[in-house]
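So the structure is just underneath, and the comments pick up after that.
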Amino acid sequence: MNTTTTPNTRTNYLLVFARIVTGLLFIFSGLIKANDPTGFGYKLEEYFHVFGTHFLNDYAVIIAIIVCALEILLGALLLLGYWGRTVAWGLLLLILFFTFLTFYSAFFEVVTSCGCFGDAIPLTPWQSFGKDLVLLVLILIIFVNRAAIRSITKSRGTQVFITVVLTILAAGIGIYTVNYLPFIDFLPYKNGNNLPELMTLPEGEVGDQYDILYTLRNKTTGAEKQVSDKVYLADELWKDEAWEIVGDPETKLVKKGYQVPIPDLLISDANGEDVTQQLVENPYYNIVVVAWNLDKANLPALDRINKLVTEVTDSYNIRAILLTASGTQTAEQVSRELSLLTEIFYADAVPLKSMVRANPGVLLMRNGTVINKWHYNTLPDFNTLDKQYFEKAYQDE
């Protein structure tokens, strides 16, 4: 009797373990990405670029919301035991797709981070691939034993009702955060962070270490060899007239060092002059309007922001700037059409997308610190800003 039941018992325990781990991981992964589907959408655009499917760029955020909702829904249904066969097929197809993407990214080094857990837990492509392999094994266990998955409730009506509710909730989280802001900001521009500190290497830390490699050719024999800049100088090869440098020097990463959280913020004016330090380290309250792409920006929202800026600057001597990655001609045209009061400056799209997940969005800064930020759908009125920030600060001064 015991001999015949032991294998089934082992299988059931293994299935339960696989369901719990897989279900929780899918829910966690989905929730993390649903916290910031706009950021996940940017990551999807990288994959669209790699595979030449640029026509999907305009739908990246919608696809991101759907993928996040699907992960949450499949994970929850797996734990509940609802629609076992269908869920098993869905999990298998999804993990095969994810495993292919992460392997492709790692092997061909085309996307540096898969965004599996958003910006909360950055993973390298090979780490992501390893994670997907583990999940693939667990999901194969679930798939093989899909007929043994039992629902925690027998009522089909209850299952349908809970599934509908879960679907609405899973999709609703992503829709909400796209139209407002992430519940938790994992990016370096979050409230309370001091940008100048995050742009510089802390004392005692060492950054990435590189070797500069020179290709040398012997003028007599034509033989070539590659040496590092250290060897080139130490052996005084620059004095040896028998050798000449050919081609451009190559840079090779020798040792990974401390990663500055904000390595890529460079702000310039219309003339190309670097004004990053001047703007970021402003010791007074200043309003930073971010519209990384003016062609795709919500212009009525930008007009509302401009009206708020007008009220603020009429009452206080507060500097207001617009940061964009759009060209000068586009920026000046939008400025004329909306009669913008903000000074216009330019930066790369990558850091601007990280500043605030809205196009346009607003940051309130003081002395290099992000005091608060808003999506254009959550923009406060002047009285709220005045009472909360400006009134007391300028009375004290």
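Letters for chains follow the order of the structure tokens (A, B, ...), residue numbers begin at 1 for each chain, and ligand numbers begin at 1 in the order shown.
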Next item on the list: For region 379-383 of chain A, please output as a list in words all residues within 10 Å (counting only C-alpha atoms; exclusion window: fewer than 2 positions along the same chain).
Entry: Tyr180, Ala301, Arg304, Ile305, Lys307, Leu308, Val309, Thr310, Glu311, Val312, Ser315, Gly361, Val362, Lys373, Trp374, His375, Tyr376, Asn377, Leu385, Asp386, Lys387, Gln388, Tyr389, Phe390 and Glu391 of chain A
Note to self: Let's see if you can do this: from backbone DSSP, list all strand (DSSP E or B) residues in region 316-353 of chain A, as an MDAnalysis selection string.
What the structure shows: chainID A and resid 319:324 343:346
File dump, residues just selected, C-alpha atoms, as a compact mmCIF listing (two decimals), in the first residue's frame:
# COMPACT_ATOMS: atom_id res chain seq x y z
CA ARG A 319 13.31 80.14 -11.36
CA ALA A 320 11.36 77.88 -13.68
CA ILE A 321 13.02 75.85 -16.44
CA LEU A 322 11.92 73.37 -19.08
CA LEU A 323 14.16 70.37 -19.78
CA THR A 324 13.70 68.56 -23.06
CA GLU A 343 13.69 78.99 -19.70
CA ILE A 344 14.45 76.12 -22.07
CA PHE A 345 17.42 73.80 -21.62
CA TYR A 346 18.40 70.53 -23.25
Note to self: Report as a VMD selection string all protein, DNA and RNA residues lying within 9 Å of Leu302 (chain A), evaluated on only C-alpha atoms, omitting residues in the same chain fewer than 5 positions from it.
What the structure shows: chain A and resid 289 291 297 307 338 340 359 to 361 376
I need the residues from that last selection saved to file as a short mmCIF file (atom, residue, chain, number, x, y, z; two decimals), in the first residue's frame (with C-alpha atoms), if you can.
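Result written to again_33.cif:
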data_model
loop_
_atom_site.label_atom_id
_atom_site.label_comp_id
_atom_site.auth_asym_id
_atom_site.auth_seq_id
_atom_site.Cartn_x
_atom_site.Cartn_y
_atom_site.Cartn_z
CA VAL A 289 9.36 71.06 -15.98
CA ALA A 291 9.03 67.17 -21.29
CA ALA A 297 4.02 65.64 -24.92
CA LYS A 307 -0.29 78.75 -15.94
CA LEU A 338 1.98 78.24 -25.45
CA LEU A 340 5.91 79.48 -22.01
CA ASN A 359 5.61 63.84 -20.41
CA PRO A 360 5.33 66.52 -19.14
CA GLY A 361 6.04 66.23 -15.43
CA TYR A 376 0.55 66.32 -15.01
#
Margin query: Applying 7 Å and only C-alpha atoms, which residues near region 208-218 of chain A remain after dropping the ones on its own chain fewer than 5 positions away? List them as a list in words.
Written below: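 The contact residues come out as Ala223, Glu224, Lys225, Gln226, Val227, Ser228, Asp229, Ala242, Trp243, Glu244, Ile245, Val246, Gly247, Pro249, Glu250, Thr251, Lys252, Leu253, Val254, Lys255, Lys256, Gly257 and Tyr258 of chain A.
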Check: For Leu265 (chain A), which residue out of A:Arg19, A:His54, A:Arg156, A:Lys353 is the nearest one, using only C-alpha atoms?
Finding: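 Result for the nearest residue to Leu265 (chain A): A:Lys353.
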Margin query: Using only C-alpha atoms for the distances, tell me which of A:Ile287, A:Thr378, A:Pro196, A:Tyr82 is nearest to Ser155 (chain A).
Written below: A:Tyr82
Next item on the list: Rounded to one decimal place, report the CA of Tyr316 (chain A)-CA of Tyr285 (chain A) distance in Å.
Entry: 9.7 Å
Check: Could you pull the residues within 9 Å of Asn286 (chain A), counting only C-alpha atoms, minus those fewer than 3 positions along the same chain, as a list in words?
Finding: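 My list of contacting residues is Leu279, Asn282, Pro283, Ile318, Arg319, Ala320, Ile321, Leu363, Leu364, Met365, Arg366 and Asn367 of chain A.
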Can you tell me which residues surround region 27-31 of chain A at a distance of at most 12 Å, considering only C-alpha atoms, apart from same-chain residues fewer than 6 positions away, and format the answer as a PDB file with N, CA and C atoms, in the first residue's frame?
ATOM      1  N   ARG A  19       4.180  25.321  -7.549  1.00  0.00           N
ATOM      2  CA  ARG A  19       3.076  26.292  -7.666  1.00  0.00           C
ATOM      3  C   ARG A  19       3.298  27.498  -6.758  1.00  0.00           C
ATOM      4  N   ILE A  20       3.700  27.245  -5.524  1.00  0.00           N
ATOM      5  CA  ILE A  20       3.881  28.345  -4.575  1.00  0.00           C
ATOM      6  C   ILE A  20       5.015  29.270  -5.020  1.00  0.00           C
ATOM      7  N   VAL A  21       6.168  28.689  -5.344  1.00  0.00           N
ATOM      8  CA  VAL A  21       7.323  29.501  -5.734  1.00  0.00           C
ATOM      9  C   VAL A  21       7.038  30.256  -7.028  1.00  0.00           C
ATOM     10  N   PRO A  37       4.968  50.839 -15.172  1.00  0.00           N
ATOM     11  CA  PRO A  37       4.866  50.301 -16.536  1.00  0.00           C
ATOM     12  C   PRO A  37       5.443  51.228 -17.592  1.00  0.00           C
ATOM     13  N   PHE A  40       8.944  50.149 -17.776  1.00  0.00           N
ATOM     14  CA  PHE A  40       8.993  48.853 -18.446  1.00  0.00           C
ATOM     15  C   PHE A  40       8.750  49.031 -19.946  1.00  0.00           C
ATOM     16  N   ALA A  64       3.180  46.858 -22.001  1.00  0.00           N
ATOM     17  CA  ALA A  64       3.755  46.701 -20.658  1.00  0.00           C
ATOM     18  C   ALA A  64       2.667  46.444 -19.621  1.00  0.00           C
ATOM     19  N   ILE A  65       1.580  47.202 -19.694  1.00  0.00           N
ATOM     20  CA  ILE A  65       0.469  47.012 -18.747  1.00  0.00           C
ATOM     21  C   ILE A  65      -0.118  45.613 -18.886  1.00  0.00           C
ATOM     22  N   ILE A  66      -0.283  45.150 -20.135  1.00  0.00           N
ATOM     23  CA  ILE A  66      -0.855  43.825 -20.386  1.00  0.00           C
ATOM     24  C   ILE A  66       0.056  42.725 -19.844  1.00  0.00           C
ATOM     25  N   VAL A  67       1.367  42.845 -20.095  1.00  0.00           N
ATOM     26  CA  VAL A  67       2.318  41.826 -19.619  1.00  0.00           C
ATOM     27  C   VAL A  67       2.328  41.778 -18.089  1.00  0.00           C
ATOM     28  N   CYS A  68       2.354  42.950 -17.461  1.00  0.00           N
ATOM     29  CA  CYS A  68       2.352  43.005 -15.989  1.00  0.00           C
ATOM     30  C   CYS A  68       1.085  42.372 -15.430  1.00  0.00           C
ATOM     31  N   ALA A  69      -0.057  42.735 -16.020  1.00  0.00           N
ATOM     32  CA  ALA A  69      -1.332  42.189 -15.561  1.00  0.00           C
ATOM     33  C   ALA A  69      -1.386  40.686 -15.751  1.00  0.00           C
ATOM     34  N   LEU A  70      -0.837  40.215 -16.875  1.00  0.00           N
ATOM     35  CA  LEU A  70      -0.835  38.780 -17.156  1.00  0.00           C
ATOM     36  C   LEU A  70       0.012  38.024 -16.137  1.00  0.00           C
ATOM     37  N   GLU A  71       1.161  38.571 -15.776  1.00  0.00           N
ATOM     38  CA  GLU A  71       2.006  37.923 -14.769  1.00  0.00           C
ATOM     39  C   GLU A  71       1.291  37.830 -13.426  1.00  0.00           C
ATOM     40  N   ILE A  72       0.700  38.943 -13.005  1.00  0.00           N
ATOM     41  CA  ILE A  72      -0.010  38.959 -11.717  1.00  0.00           C
ATOM     42  C   ILE A  72      -1.168  37.970 -11.743  1.00  0.00           C
ATOM     43  N   LEU A  73      -1.942  37.998 -12.829  1.00  0.00           N
ATOM     44  CA  LEU A  73      -3.128  37.140 -12.938  1.00  0.00           C
ATOM     45  C   LEU A  73      -2.748  35.667 -12.958  1.00  0.00           C
ATOM     46  N   LEU A  74      -1.770  35.297 -13.788  1.00  0.00           N
ATOM     47  CA  LEU A  74      -1.360  33.894 -13.861  1.00  0.00           C
ATOM     48  C   LEU A  74      -0.808  33.403 -12.524  1.00  0.00           C
ATOM     49  N   GLY A  75      -0.020  34.252 -11.857  1.00  0.00           N
ATOM     50  CA  GLY A  75       0.531  33.867 -10.555  1.00  0.00           C
ATOM     51  C   GLY A  75      -0.555  33.647  -9.526  1.00  0.00           C
ATOM     52  N   ALA A  76      -1.554  34.550  -9.495  1.00  0.00           N
ATOM     53  CA  ALA A  76      -2.642  34.434  -8.520  1.00  0.00           C
ATOM     54  C   ALA A  76      -3.519  33.217  -8.816  1.00  0.00           C
ATOM     55  N   LEU A  77      -3.854  33.016 -10.087  1.00  0.00           N
ATOM     56  CA  LEU A  77      -4.692  31.865 -10.459  1.00  0.00           C
ATOM     57  C   LEU A  77      -3.977  30.550 -10.178  1.00  0.00           C
ATOM     58  N   LEU A  78      -2.659  30.549 -10.359  1.00  0.00           N
ATOM     59  CA  LEU A  78      -1.883  29.330 -10.063  1.00  0.00           C
ATOM     60  C   LEU A  78      -1.976  28.987  -8.581  1.00  0.00           C
ATOM     61  N   LEU A  79      -1.860  29.979  -7.733  1.00  0.00           N
ATOM     62  CA  LEU A  79      -1.948  29.741  -6.288  1.00  0.00           C
ATOM     63  C   LEU A  79      -3.354  29.290  -5.886  1.00  0.00           C
ATOM     64  N   CYS A 114      17.183  43.354 -18.373  1.00  0.00           N
ATOM     65  CA  CYS A 114      15.918  42.897 -18.944  1.00  0.00           C
ATOM     66  C   CYS A 114      14.721  43.626 -18.358  1.00  0.00           C
ATOM     67  N   GLY A 115      14.881  44.224 -17.170  1.00  0.00           N
ATOM     68  CA  GLY A 115      13.751  44.883 -16.532  1.00  0.00           C
ATOM     69  C   GLY A 115      12.786  43.907 -15.894  1.00  0.00           C
ATOM     70  N   CYS A 116      13.247  42.667 -15.630  1.00  0.00           N
ATOM     71  CA  CYS A 116      12.374  41.630 -15.071  1.00  0.00           C
ATOM     72  C   CYS A 116      11.729  42.067 -13.756  1.00  0.00           C
ATOM     73  N   PHE A 117      12.514  42.716 -12.909  1.00  0.00           N
ATOM     74  CA  PHE A 117      12.005  43.228 -11.643  1.00  0.00           C
ATOM     75  C   PHE A 117      12.078  44.755 -11.613  1.00  0.00           C
ATOM     76  N   GLY A 118      11.926  45.374 -12.785  1.00  0.00           N
ATOM     77  CA  GLY A 118      11.950  46.825 -12.871  1.00  0.00           C
ATOM     78  C   GLY A 118      13.267  47.404 -12.406  1.00  0.00           C
ATOM     79  N   ASP A 119      13.208  48.613 -11.862  1.00  0.00           N
ATOM     80  CA  ASP A 119      14.399  49.263 -11.321  1.00  0.00           C
ATOM     81  C   ASP A 119      14.625  48.906  -9.858  1.00  0.00           C
ATOM     82  N   ALA A 120      13.708  48.118  -9.281  1.00  0.00           N
ATOM     83  CA  ALA A 120      13.842  47.744  -7.875  1.00  0.00           C
ATOM     84  C   ALA A 120      14.997  46.771  -7.666  1.00  0.00           C
ATOM     85  N   ILE A 121      15.099  45.774  -8.559  1.00  0.00           N
ATOM     86  CA  ILE A 121      16.160  44.775  -8.460  1.00  0.00           C
ATOM     87  C   ILE A 121      16.780  44.624  -9.841  1.00  0.00           C
ATOM     88  N   PRO A 122      17.757  45.459 -10.180  1.00  0.00           N
ATOM     89  CA  PRO A 122      18.381  45.349 -11.502  1.00  0.00           C
ATOM     90  C   PRO A 122      19.146  44.027 -11.634  1.00  0.00           C
ATOM     91  N   SER A 128      19.318  37.269 -15.337  1.00  0.00           N
ATOM     92  CA  SER A 128      17.921  37.132 -15.751  1.00  0.00           C
ATOM     93  C   SER A 128      17.687  35.786 -16.431  1.00  0.00           C
ATOM     94  N   LYS A 131      17.643  33.059 -13.838  1.00  0.00           N
ATOM     95  CA  LYS A 131      16.359  33.093 -13.128  1.00  0.00           C
ATOM     96  C   LYS A 131      15.265  32.443 -13.959  1.00  0.00           C
ATOM     97  N   ASP A 132      15.256  32.729 -15.255  1.00  0.00           N
ATOM     98  CA  ASP A 132      14.233  32.159 -16.138  1.00  0.00           C
ATOM     99  C   ASP A 132      14.405  30.650 -16.309  1.00  0.00           C
ATOM    100  N   LEU A 166      -9.700  39.814 -10.182  1.00  0.00           N
ATOM    101  CA  LEU A 166      -8.237  39.809 -10.261  1.00  0.00           C
ATOM    102  C   LEU A 166      -7.742  40.470 -11.546  1.00  0.00           C
ATOM    103  N   LEU A 169      -8.130  44.230 -11.154  1.00  0.00           N
ATOM    104  CA  LEU A 169      -7.118  44.754 -10.224  1.00  0.00           C
ATOM    105  C   LEU A 169      -5.727  44.744 -10.856  1.00  0.00           C
ATOM    106  N   ALA A 170      -5.378  43.637 -11.524  1.00  0.00           N
ATOM    107  CA  ALA A 170      -4.044  43.508 -12.112  1.00  0.00           C
ATOM    108  C   ALA A 170      -3.820  44.569 -13.183  1.00  0.00           C
ATOM    109  N   ALA A 171      -4.816  44.770 -14.042  1.00  0.00           N
ATOM    110  CA  ALA A 171      -4.686  45.795 -15.079  1.00  0.00           C
ATOM    111  C   ALA A 171      -4.801  47.200 -14.485  1.00  0.00           C
ATOM    112  N   GLY A 172      -5.644  47.337 -13.467  1.00  0.00           N
ATOM    113  CA  GLY A 172      -5.884  48.646 -12.862  1.00  0.00           C
ATOM    114  C   GLY A 172      -4.651  49.254 -12.215  1.00  0.00           C
ATOM    115  N   ILE A 173      -3.802  48.410 -11.630  1.00  0.00           N
ATOM    116  CA  ILE A 173      -2.577  48.920 -10.997  1.00  0.00           C
ATOM    117  C   ILE A 173      -1.705  49.631 -12.027  1.00  0.00           C
ATOM    118  N   GLY A 174      -1.481  48.964 -13.164  1.00  0.00           N
ATOM    119  CA  GLY A 174      -0.652  49.559 -14.214  1.00  0.00           C
ATOM    120  C   GLY A 174      -1.273  50.807 -14.804  1.00  0.00           C
ATOM    121  N   THR A 177      -0.799  53.730 -12.266  1.00  0.00           N
ATOM    122  CA  THR A 177       0.559  54.281 -12.134  1.00  0.00           C
ATOM    123  C   THR A 177       1.022  54.989 -13.409  1.00  0.00           C
ATOM    124  N   PRO A 182       4.509  56.170 -10.093  1.00  0.00           N
ATOM    125  CA  PRO A 182       4.731  54.918  -9.360  1.00  0.00           C
ATOM    126  C   PRO A 182       4.459  55.081  -7.864  1.00  0.00           C
ATOM    127  N   PHE A 183       3.927  54.024  -7.253  1.00  0.00           N
ATOM    128  CA  PHE A 183       3.712  54.047  -5.806  1.00  0.00           C
ATOM    129  C   PHE A 183       5.044  54.207  -5.080  1.00  0.00           C
ATOM    130  N   ILE A 184       6.049  53.490  -5.556  1.00  0.00           N
ATOM    131  CA  ILE A 184       7.389  53.562  -4.970  1.00  0.00           C
ATOM    132  C   ILE A 184       8.363  53.943  -6.086  1.00  0.00           C
TER     133      ILE A 184
END
Notebook entry, point to check: Given the choices A:Thr328, A:Ser339, A:Asn35, A:Gln333, which gets closest to Asn179 (chain A) if the distance is worked out from only C-alpha atoms?
Noted result: A:Asn35
Item checked: DSSP alpha helix (DSSP H) residues within region 207-388 of chain A, listed as a ChimeraX atom specification -> /A:229-234,276-280,299-315,328-338,349-355,382-385
